[in-house]
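Each remark here refers to the structure printed beneath this line.
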2 protein chains.
Amino acid sequence: MPIPPEIFLLPPNSTATLQQQVQQIVAEAIVSGRCLPGEKMPSSRKLAEHLGVARITVTVSYTELVADEYLVARPRSGYYVADTAPTRPRFDSPAPVDRRGVDWAAKLTRPVQQRGDILRPPNWSDYRFPFIYGQSDPALFDHANWRACALRAVRKRDFDSLAQDRYQHDDPMLVEFILRHILPRRGIHATPDQILITMGGQNALWMIAQLLLADGQIAIVENPCFPGLRRIFDQMGYVGRSIDVDHQGLPPDLIPPEAQLVFTTPSHHAPTNVTMPLERRIEMLARAARHDFLIVEDDYEFEMSFRSRPSPALKSLDQDGRVIYLGSFSKSIFPGLRLGYVVGDQTLIEEMRKLRTVVLRHPPSHIQRTTAYFLSLGHYDAQVARMARHYGQRRAIMEEGIRDHGLTREQGEVLGGSSFWMRAPPGVDTTQLALDLRRDSVLIEPGSAFFARRAPDRSHYRIAYSSIAAPRIAEGMALLAGAIDRAAEGAGAAR
Amino acid sequence: MPIPPEIFLLPPNSTATLQQQVQQIVAEAIVSGRCLPGEKMPSSRKLAEHLGVARITVTVSYTELVADEYLVARPRSGYYVADTAPTRPRFDSPAPVDRRGVDWAAKLTRPVQQRGDILRPPNWSDYRFPFIYGQSDPALFDHANWRACALRAVRKRDFDSLAQDRYQHDDPMLVEFILRHILPRRGIHATPDQILITMGGQNALWMIAQLLLADGQIAIVENPCFPGLRRIFDQMGYVGRSIDVDHQGLPPDLIPPEAQLVFTTPSHHAPTNVTMPLERRIEMLARAARHDFLIVEDDYEFEMSFRSRPSPALKSLDQDGRVIYLGSFSKSIFPGLRLGYVVGDQTLIEEMRKLRTVVLRHPPSHIQRTTAYFLSLGHYDAQVARMARHYGQRRAIMEEGIRDHGLTREQGEVLGGSSFWMRAPPGVDTTQLALDLRRDSVLIEPGSAFFARRAPDRSHYRIAYSSIAAPRIAEGMALLAGAIDRAAEGAGAAR
């Protein structure tokens with residue numbers, strides 16, 4: 001299609017002739033890369049009409065631009081941007097901006113604090129041995145059925161309602177399926193007014209923090225913990241209190257009586273993968289009732305419990321509605337989907353719904369419906385089963401590598417998941433190790449990002465198997481072990 | 001497919017026998033509506049395996065449940081939920097919750113303030129004469145090509161990258177198209193680090209307010225103005241300063257020198273539809289530079305300028321980067337899409353990107369790519385042209401109705417858009433009028449929601465033609481005029 005005439009606008013206060021102005025704006029569009037070599041120019045009639053100038057003005061301008069080699073004329077077809085047109089690299093030409101008036105540092109009254117903890121390079125998939133966490137493996141995903149569901153969700157019948165602004169509402173089909181088929185597996189029974197669809201787990205945590213945290217309150221986070229949660233606290237300018245987890249997760253007796261909100265991952269602690277036993281869960285709930293604190297249960301990966309049956313969620317034992325339960329489809333479907341859900345007391349859910357409406361209205365309807373179909377047609381169950389099978393195989397190879405190379409795993413866990421939490425020999429800085437390993441095309445995640453700032457820990461690291469194919473694991477593990485050996489040697493310590 | 005065994009979980013501390021427990025949990029699942037009549041039960045082998053009980057325990061439980069008419073056995077097939085099974089209405093059975101400990105009013109430290117201004121009932125499309133604003137008309141939308149683009153975006157090649165967590169990044173294809181083909185039509189030239197994709201215009205306004213507003217600062221909003229913006233202020237507990245618009249939009253000379261941030265809709269003021277002339281735009285920018293305030297230009301509907309060429313955006317005249325420009329696809333594609341964009345100084349955009357990452361990571365990749373295809377294949381231009389044609393026809397019929405029935409339009413506007421801003425006769429309360437009209441299956445939007453609270457205005461109303469088919473307009477206008485006549489008579493005033 002030709003370039004639309006609408007992209008050309010005459011400058012408001014020019015003293016040049018109209019013909020000069022037309023020439024200038026076309027040349028400028030070409031030089032700046034907005035019009036690319038080979039693209040067809042609008043007809044002189046259309047451009048003249050759009051600019052409100054005589055057609056002859058445009059024709060003469062075009063002729064001049066041909067002479068200047070910006071354009072070429074093709075008989076009986078029209079004008080095209082010349083292959084020889086002068087160009088600068090596309091987008092490499094910000095207009096020279098005079099920042100005389102704007103002091104942005106002063107304008108940004110609430111800048112977002114951010115720690116520099118990048119766990120993965122954006123081009124992680126170019127690495128041969130990506131032991132990184134949280135991305136999906138295209139080789140395991142049921143693309144054909146996802147595509148069929150996406151298509152189904154865009155049928156005329158579905159589409160006409162999905163195209164509308166739903167204001168504060170979610171897709172009732174997705175809500176019903178989660179209530180009837182997913183939550184019961186976690187022992188949770190809820191009603192539609194006790195659930196809200198979110199833009200993934202991050203979004204759920206953020207909304208909860210917004211509504212329930214205030215200055216002077218005590219919020220507990222696990223140490224180590226999911227860095228995305230720490231970023232939420234940072235953004236709010238709020239300091240949480242970190243409590244070290246042990247081999248059974250967060251110890252309830254270390255939660256101070258004055259705590260108001262506790263963030264925890266009982267099924268599968270992030271990142272150490274330990275599971276909180278039933279007795280401790282009951283103790284946690286009793287303590288919560290006694291001291292009147294609320295609990296946020298992030299059940300981000302329960303679907304990946306392929307090594308043993310998951311225990312019922314903390315929420316399933318919650319009698320008085322003080323547990324706020326978070327689920328996510330990022331691990332079981334894919335993270336680019338950006339969908340999750342929160343289950344909680346209806347007073348809270350109603351408030352979260354109001355907040356979500358102000359912030360973004362509602363998660364896009366098409367992806368909600370596609371997911372609803374994927375779940376209801378049984379593809380989700382099959383998908384989770386397939387992932388579990390492959391993860392199990394990969395995990396076994398990883399365990400072999402860990403054993404063979406004498407690497408150190410932190411206390412074991414039993415559920416499955418998609419990663420190992422590891423400890424390097426004394427003196428080895430895993431942040432440096434991770435950077436060094438990139439040269440061998442190996443990606444691991446240094447542990448420091450997971451720890452509270454007051455207690456930096458550079459000896460841990462995480463290796464995941466959700467994105468690395470089984471045949472590559474052994475070679476990657478050997479490279480990892482070699483790098484650790486060299487680093488330990490450098491640190492003068494034995495592994 | 002059979003009901004997955006995973007939805008059944010044994011209670012943690014039961015004193016009942018295992019067989020009693022199995023019977024109870026199955027019966028409970030049926031009664032509560034989680035298992036529906038006709039659904040197939042998991043095989044006794046699978047359920048036994050999952051629950052960790054002997055198979056015979058499940059078999060005996062099933063037999064008992066058949067006797068109790070919860071289940072039926074079908075030879076050589078298995079057990080099914082009986083059609084005669086006792087049920088309660090689905091979801092009508094929240095577990096009896098003992099709220100002994102949780103005082104939610106005290107827990108919600110930052111409740112979301114919300115005005116009760118509902119402009120439209122959720123089932124608006126069931127009304128015969130929906131003169132409501134902001135929803136799309138399925139009859140005008142190019143559903144076939146949207147579907148083709150959605151399908152294209154879910155091809156294996158696109159999908160494998162779209163499935164990933166992109167952290168803070170947008171779809172480069174969508175960004176490039178907006179930069180090269182949409183912004184130039186508004187006279188705006190920007191680089192990729194000066195643009196951010198948002199979850200629609202609401203999300204963009206919210207992020208800007210988060211980053212640039214602080215207590216003690218003066219932010220200006222137009223009066224009347226978009227209610228979604230007022231809700232953002234309410235949620236933040238922030239009070240904006242309202243300035244009345246005149247027939248040329250927001251008057252720059254009324255902006256106090258101490259203002260720090262000005263929210264405005266110069267192309268097409270919401271809701272009055274007036275356009276700010278070029279001279280006033282230049283004056284606005286000069287004043288912004290003089291007093292060092294920033295301007296948020298919400299260009300929410302520029303695509304619908306079918307009656308005359310849109311003037312270049314305020315942003316196109318902005319020399320020192322103090323205009324923050326907002327675009328949205330809600331009006332030109334459809335609102336359920338939830339996509340828009342912000343163009344601004346790269347310092348601000350970087351900060352917004354950080355905030356977005358904390359709040360929700362990124363807008364879902366599939367919808368970004370679908371939109372990129374819809375734009376780049378020319379369907380968007382065709383769509384906008386088709387909407388403009390139909391809106392033009394509908395508008396003409398509306399104008400006729402307004403004239404014939406002697407209704408009062410506020411000062412005219414020239415661009416097009418999709419609505420009229422109207423004034424009722426003295427004494428007529430348009431909020432009551434809107435409610436009364438629902439009985440005639442007519443929906444209009446009362447004006448009060450648009451005005452600052454300190455200056456309630458109940459005499460204005462908005463009627464839109466984006467969701468009502470041309471053949472229904474005349475009848476709807478007659479009903480509207482009739483209701484206004486009756487209301488005016490009741491108020492003792494003449495129309």
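Labels used: A, B, ... for chains in the order of the structure tokens, numbers from 1 for residues in each chain, and numbers from 1 for ligands as shown.
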
Considering only C-alpha atoms, return as a list in words whatever protein or nucleic-acid residues lie within 7 Å of stretch 166-180 of chain B, sequence-local ones (same chain, fewer than 3 positions apart) excluded.
Arg34 and Gly336 of chain A; Leu183, Pro184, Ala190, Pro192, Ile197, Arg353, Thr357, Arg361, His362, Ser365, Gln368, Arg369, Ala372 and Ser376 of chain B

If you run DSSP on the backbone, which residues of stretch 320-414 of chain A are strand (DSSP E), as a PyMOL selection string?
chain A and resi 323-328+340-343+408-409

Write out the residues from the selection above, keeping all heavy atoms, as a short mmCIF file (atom, residue, chain, number, x, y, z; two decimals), in the first residue's frame.
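As written to disk, again-v5.cif reads:
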data_model
loop_
_atom_site.label_atom_id
_atom_site.label_comp_id
_atom_site.auth_asym_id
_atom_site.auth_seq_id
_atom_site.Cartn_x
_atom_site.Cartn_y
_atom_site.Cartn_z
N VAL A 323 -6.41 -15.57 54.61
CA VAL A 323 -5.40 -15.92 53.61
C VAL A 323 -5.83 -15.37 52.25
O VAL A 323 -6.97 -15.53 51.84
CB VAL A 323 -5.20 -17.45 53.52
CG1 VAL A 323 -4.21 -17.79 52.41
CG2 VAL A 323 -4.72 -18.00 54.85
N ILE A 324 -4.90 -14.71 51.60
CA ILE A 324 -5.14 -14.19 50.26
C ILE A 324 -4.31 -15.07 49.32
O ILE A 324 -3.08 -15.13 49.45
CB ILE A 324 -4.69 -12.72 50.18
CG1 ILE A 324 -5.40 -11.90 51.26
CG2 ILE A 324 -4.96 -12.15 48.78
CD1 ILE A 324 -4.69 -10.60 51.57
N TYR A 325 -5.00 -15.76 48.44
CA TYR A 325 -4.35 -16.79 47.64
C TYR A 325 -4.07 -16.29 46.22
O TYR A 325 -4.93 -15.69 45.58
CB TYR A 325 -5.27 -18.02 47.58
CG TYR A 325 -4.76 -19.14 46.71
CD1 TYR A 325 -3.92 -20.12 47.23
CD2 TYR A 325 -5.11 -19.21 45.36
CE1 TYR A 325 -3.45 -21.15 46.42
CE2 TYR A 325 -4.64 -20.23 44.55
CZ TYR A 325 -3.80 -21.20 45.09
OH TYR A 325 -3.33 -22.20 44.30
N LEU A 326 -2.83 -16.55 45.74
CA LEU A 326 -2.44 -16.10 44.38
C LEU A 326 -2.10 -17.30 43.51
O LEU A 326 -1.26 -18.13 43.89
CB LEU A 326 -1.16 -15.26 44.46
CG LEU A 326 -1.27 -13.77 44.64
CD1 LEU A 326 -1.98 -13.43 45.91
CD2 LEU A 326 0.10 -13.15 44.60
N GLY A 327 -2.69 -17.35 42.33
CA GLY A 327 -2.30 -18.34 41.33
C GLY A 327 -1.86 -17.63 40.07
O GLY A 327 -2.18 -16.45 39.87
N SER A 328 -1.13 -18.33 39.23
CA SER A 328 -0.62 -17.71 38.00
C SER A 328 -0.57 -18.74 36.89
O SER A 328 -0.34 -19.92 37.14
CB SER A 328 0.79 -17.17 38.26
OG SER A 328 1.44 -16.89 37.04
N GLY A 340 -3.17 -14.23 35.82
CA GLY A 340 -3.17 -14.92 37.09
C GLY A 340 -4.48 -14.63 37.79
O GLY A 340 -5.40 -14.07 37.18
N TYR A 341 -4.59 -14.99 39.08
CA TYR A 341 -5.84 -14.74 39.80
C TYR A 341 -5.56 -14.64 41.28
O TYR A 341 -4.55 -15.14 41.78
CB TYR A 341 -6.87 -15.83 39.51
CG TYR A 341 -6.33 -17.25 39.60
CD1 TYR A 341 -6.40 -17.98 40.78
CD2 TYR A 341 -5.72 -17.83 38.49
CE1 TYR A 341 -5.88 -19.27 40.86
CE2 TYR A 341 -5.20 -19.11 38.57
CZ TYR A 341 -5.27 -19.82 39.75
OH TYR A 341 -4.74 -21.09 39.82
N VAL A 342 -6.45 -13.96 41.97
CA VAL A 342 -6.37 -13.82 43.42
C VAL A 342 -7.68 -14.32 43.99
O VAL A 342 -8.75 -14.02 43.46
CB VAL A 342 -6.22 -12.34 43.82
CG1 VAL A 342 -6.19 -12.20 45.33
CG2 VAL A 342 -4.98 -11.74 43.22
N VAL A 343 -7.59 -15.08 45.08
CA VAL A 343 -8.78 -15.52 45.79
C VAL A 343 -8.68 -14.97 47.21
O VAL A 343 -7.64 -15.13 47.86
CB VAL A 343 -8.88 -17.06 45.85
CG1 VAL A 343 -10.14 -17.50 46.59
CG2 VAL A 343 -8.86 -17.63 44.43
N THR A 408 27.11 -28.53 45.20
CA THR A 408 26.38 -28.54 46.47
C THR A 408 24.96 -28.00 46.32
O THR A 408 24.75 -26.83 45.99
CB THR A 408 27.11 -27.68 47.52
OG1 THR A 408 28.47 -28.11 47.55
CG2 THR A 408 26.50 -27.86 48.89
N ARG A 409 24.01 -28.88 46.61
CA ARG A 409 22.61 -28.50 46.60
C ARG A 409 22.19 -28.11 47.99
O ARG A 409 22.60 -28.77 48.95
CB ARG A 409 21.82 -29.74 46.22
CG ARG A 409 20.90 -29.59 45.07
CD ARG A 409 20.28 -30.93 44.82
NE ARG A 409 18.92 -30.91 45.31
CZ ARG A 409 18.10 -31.95 45.19
NH1 ARG A 409 18.52 -33.07 44.65
NH2 ARG A 409 16.87 -31.86 45.62
#

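Near A:Tyr70, within a cut-off of 9 Å and counting only C-alpha atoms, sit the residues Val26, Ala27, Ile30, Val31, Pro37, Tyr62, Glu64, Leu65, Val66, Ala67, Asp68, Val72, Tyr80, Val81, Ala82, Asp83, Thr84, Ala85 and Pro86 of chain A, with same-chain residues fewer than 2 positions away left out.
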
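Using only C-alpha atoms, the nearest neighbour of A:Asp234 within the list A:Gly249, A:Pro111, A:Pro4, A:Gly33 is A:Pro111.
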
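The list of residues with at least one atom within 7 Å of A:Leu355, based on only C-alpha atoms and without residues fewer than 4 positions apart in the same chain, reads A:Glu351, A:Val359, B:Val112.
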
Any chance you can output those residues with all heavy atoms as a CSV table (one decimal), in the first residue's frame?
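As a result, again06.csv now contains:
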chain,number,residue,atom,x,y,z
A,351,GLU,N,-12.4,-4.4,46.6
A,351,GLU,CA,-11.5,-3.3,46.6
A,351,GLU,C,-10.4,-3.4,45.6
A,351,GLU,O,-10.0,-2.4,44.9
A,351,GLU,CB,-10.8,-3.2,48.0
A,351,GLU,CG,-10.4,-1.8,48.5
A,351,GLU,CD,-11.5,-0.9,48.6
A,351,GLU,OE1,-12.7,-1.3,48.9
A,351,GLU,OE2,-11.3,0.3,48.5
A,359,VAL,N,-6.5,1.5,37.5
A,359,VAL,CA,-5.1,1.4,36.9
A,359,VAL,C,-5.2,0.9,35.5
A,359,VAL,O,-4.4,1.4,34.7
A,359,VAL,CB,-4.3,0.4,37.8
A,359,VAL,CG1,-3.0,0.0,37.2
A,359,VAL,CG2,-4.2,0.9,39.2
B,112,VAL,N,-9.9,2.4,48.0
B,112,VAL,CA,-10.0,3.1,46.7
B,112,VAL,C,-11.3,4.0,46.8
B,112,VAL,O,-12.4,3.4,47.0
B,112,VAL,CB,-10.1,2.2,45.5
B,112,VAL,CG1,-10.3,2.9,44.2
B,112,VAL,CG2,-8.9,1.3,45.5

Which residues come within 10 Å of A:Ser332, counting only C-alpha atoms, excluding same-chain residues fewer than 3 positions away, as a PyMOL selection string?
chain A and resi 136+141+300-304+328-329+335+380-381+383-385+387-388

Take the residues that were just selected and, keeping N, CA and C atoms, output them as an mmCIF file, in the first residue's frame.
data_model
loop_
_atom_site.group_PDB
_atom_site.id
_atom_site.type_symbol
_atom_site.label_atom_id
_atom_site.label_comp_id
_atom_site.auth_asym_id
_atom_site.auth_seq_id
_atom_site.Cartn_x
_atom_site.Cartn_y
_atom_site.Cartn_z
ATOM 1 N N SER A 136 9.193 -20.176 29.337
ATOM 2 C CA SER A 136 8.609 -21.440 28.908
ATOM 3 C C SER A 136 9.437 -22.028 27.770
ATOM 4 N N PHE A 141 5.431 -26.788 24.601
ATOM 5 C CA PHE A 141 4.108 -26.153 24.637
ATOM 6 C C PHE A 141 3.207 -26.693 23.526
ATOM 7 N N TYR A 300 2.614 -19.949 43.262
ATOM 8 C CA TYR A 300 2.972 -19.638 41.870
ATOM 9 C C TYR A 300 3.288 -20.847 41.008
ATOM 10 N N GLU A 301 3.531 -22.021 41.596
ATOM 11 C CA GLU A 301 4.061 -23.116 40.769
ATOM 12 C C GLU A 301 3.490 -24.464 41.168
ATOM 13 N N PHE A 302 2.283 -24.467 41.775
ATOM 14 C CA PHE A 302 1.795 -25.745 42.315
ATOM 15 C C PHE A 302 1.588 -26.797 41.230
ATOM 16 N N GLU A 303 1.365 -26.341 39.990
ATOM 17 C CA GLU A 303 1.120 -27.296 38.909
ATOM 18 C C GLU A 303 2.324 -28.181 38.643
ATOM 19 N N MET A 304 3.503 -27.704 39.041
ATOM 20 C CA MET A 304 4.720 -28.444 38.723
ATOM 21 C C MET A 304 5.127 -29.412 39.842
ATOM 22 N N SER A 328 -1.126 -18.330 39.226
ATOM 23 C CA SER A 328 -0.618 -17.710 38.001
ATOM 24 C C SER A 328 -0.567 -18.737 36.895
ATOM 25 N N PHE A 329 -0.794 -18.310 35.661
ATOM 26 C CA PHE A 329 -0.647 -19.214 34.516
ATOM 27 C C PHE A 329 0.723 -19.074 33.852
ATOM 28 N N PRO A 335 4.622 -17.309 30.269
ATOM 29 C CA PRO A 335 4.655 -16.032 30.997
ATOM 30 C C PRO A 335 4.236 -14.816 30.164
ATOM 31 N N TYR A 380 -5.027 -27.797 29.075
ATOM 32 C CA TYR A 380 -4.210 -27.359 30.196
ATOM 33 C C TYR A 380 -3.720 -28.559 31.009
ATOM 34 N N ASP A 381 -4.633 -29.478 31.333
ATOM 35 C CA ASP A 381 -4.229 -30.666 32.082
ATOM 36 C C ASP A 381 -3.180 -31.466 31.317
ATOM 37 N N GLN A 383 -1.178 -30.345 29.080
ATOM 38 C CA GLN A 383 0.038 -29.533 29.032
ATOM 39 C C GLN A 383 0.855 -29.701 30.322
ATOM 40 N N VAL A 384 0.165 -29.590 31.440
ATOM 41 C CA VAL A 384 0.842 -29.726 32.728
ATOM 42 C C VAL A 384 1.452 -31.123 32.858
ATOM 43 N N ALA A 385 0.721 -32.142 32.409
ATOM 44 C CA ALA A 385 1.229 -33.521 32.490
ATOM 45 C C ALA A 385 2.474 -33.680 31.611
ATOM 46 N N MET A 387 4.588 -31.300 30.618
ATOM 47 C CA MET A 387 5.697 -30.558 31.218
ATOM 48 C C MET A 387 6.289 -31.343 32.383
ATOM 49 N N ALA A 388 5.411 -31.920 33.202
ATOM 50 C CA ALA A 388 5.882 -32.674 34.369
ATOM 51 C C ALA A 388 6.763 -33.836 33.925
#

List the spatial neighbours of stretch 154-159 of chain B as a PyMOL selection string - criterion: any atom at most 12 Å away, only C-alpha atoms, same-chain residues fewer than 3 positions off excluded.
(chain A and resi 136-139+141-151+334+336-337+367+370) or (chain B and resi 147-151+162-164+171+173+364-370+372-373)

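Omitting A:Ala396 and its sequence neighbours fewer than 3 positions away, and counting only C-alpha atoms, the residues within 12 Å are Arg307, Arg389, His390, Tyr391, Gly392, Gln393, Glu399, Glu400, Gly401, Ile402, Arg403, Gly416, Ser418, Ser419, Phe420, Tyr465, Ala470, Ile473 and Ala474 of chain A.
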
For the residues in that selection, give me N, CA, C and O atoms as a compact mmCIF listing (two decimals), in the first residue's frame.
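This is the output file result.txt:
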# COMPACT_ATOMS: atom_id res chain seq x y z
N ARG A 307 6.67 -34.62 41.57
CA ARG A 307 7.35 -35.67 42.32
C ARG A 307 6.52 -36.21 43.47
O ARG A 307 6.73 -37.31 43.93
N ARG A 389 6.35 -34.52 32.87
CA ARG A 389 7.11 -35.66 32.36
C ARG A 389 8.51 -35.20 31.94
O ARG A 389 9.51 -35.78 32.34
N HIS A 390 8.55 -34.16 31.14
CA HIS A 390 9.84 -33.68 30.64
C HIS A 390 10.69 -33.08 31.76
O HIS A 390 11.89 -33.30 31.82
N TYR A 391 10.04 -32.33 32.62
CA TYR A 391 10.79 -31.73 33.74
C TYR A 391 11.40 -32.84 34.59
O TYR A 391 12.52 -32.73 35.09
N GLY A 392 10.64 -33.92 34.78
CA GLY A 392 11.14 -35.04 35.56
C GLY A 392 12.41 -35.62 34.95
O GLY A 392 13.39 -35.90 35.66
N GLN A 393 12.39 -35.79 33.62
CA GLN A 393 13.58 -36.32 32.95
C GLN A 393 14.76 -35.37 33.09
O GLN A 393 15.88 -35.77 33.40
N GLU A 399 20.31 -33.90 38.41
CA GLU A 399 20.74 -34.52 39.68
C GLU A 399 22.00 -35.34 39.49
O GLU A 399 22.90 -35.33 40.33
N GLU A 400 22.05 -36.01 38.35
CA GLU A 400 23.23 -36.80 38.02
C GLU A 400 24.45 -35.88 37.90
O GLU A 400 25.51 -36.16 38.46
N GLY A 401 24.26 -34.77 37.20
CA GLY A 401 25.36 -33.82 37.02
C GLY A 401 25.82 -33.24 38.36
O GLY A 401 27.01 -33.10 38.62
N ILE A 402 24.86 -32.91 39.19
CA ILE A 402 25.18 -32.36 40.51
C ILE A 402 26.01 -33.36 41.31
O ILE A 402 27.03 -33.02 41.91
N ARG A 403 25.60 -34.62 41.25
CA ARG A 403 26.30 -35.69 41.97
C ARG A 403 27.69 -35.90 41.36
O ARG A 403 28.70 -35.88 42.07
N GLY A 416 9.04 -31.08 43.20
CA GLY A 416 9.35 -31.04 41.78
C GLY A 416 9.77 -29.64 41.41
O GLY A 416 10.87 -29.21 41.75
N SER A 418 10.89 -26.54 38.98
CA SER A 418 11.67 -26.45 37.75
C SER A 418 13.08 -25.93 38.01
O SER A 418 13.73 -25.47 37.09
N SER A 419 13.56 -26.01 39.25
CA SER A 419 14.89 -25.47 39.50
C SER A 419 15.53 -26.11 40.73
O SER A 419 14.86 -26.77 41.53
N PHE A 420 16.84 -25.91 40.87
CA PHE A 420 17.59 -26.30 42.07
C PHE A 420 18.18 -25.04 42.69
O PHE A 420 18.65 -24.15 41.97
N TYR A 465 15.61 -25.92 34.91
CA TYR A 465 15.59 -26.80 33.74
C TYR A 465 14.34 -26.61 32.90
O TYR A 465 13.99 -27.47 32.09
N ALA A 470 16.92 -31.51 27.34
CA ALA A 470 17.61 -32.58 28.06
C ALA A 470 19.01 -32.89 27.50
O ALA A 470 19.97 -33.00 28.28
N ILE A 473 21.89 -30.67 28.81
CA ILE A 473 22.10 -30.44 30.25
C ILE A 473 23.49 -30.88 30.71
O ILE A 473 24.21 -30.13 31.39
N ALA A 474 23.90 -32.11 30.32
CA ALA A 474 25.16 -32.65 30.83
C ALA A 474 26.33 -31.74 30.48
O ALA A 474 27.17 -31.41 31.33

DSSP-assigned alpha helix (DSSP H) among stretch 6-204 of chain B, expressed as number ranges by chain:
B: 18-31, 44-51, 55-67, 104-107, 143-153, 156-162, 172-177, 200-204

How many Å separate atom CA of B:Phe263 from atom CA of B:Ile220?
6.1 Å

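Among A:Val221, A:Leu212, A:Leu9, A:Leu250, the residue with the shortest atom-to-atom distance to A:Met236, counting only C-alpha atoms, is A:Leu212.
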
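The nearest approach to chain B among the residues A:Thr191, A:Gln23, A:Ser32, A:Ser43, with only C-alpha atoms taken into account, belongs to A:Thr191.
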
Residue among B:Pro277, B:Gly101, B:Gly447, B:Pro252 lying closest to chain A, counting only C-alpha atoms:
B:Gly101

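Closest to chain A among B:Asp292, B:Asp298, B:Asp318, B:Glu28 is B:Asp292, based on only C-alpha atoms.
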
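Nearest to A:Ser161 of all the residues B:Ser44, B:Ser125, B:Gln194, B:Gln19 is B:Ser125, counting only C-alpha atoms.
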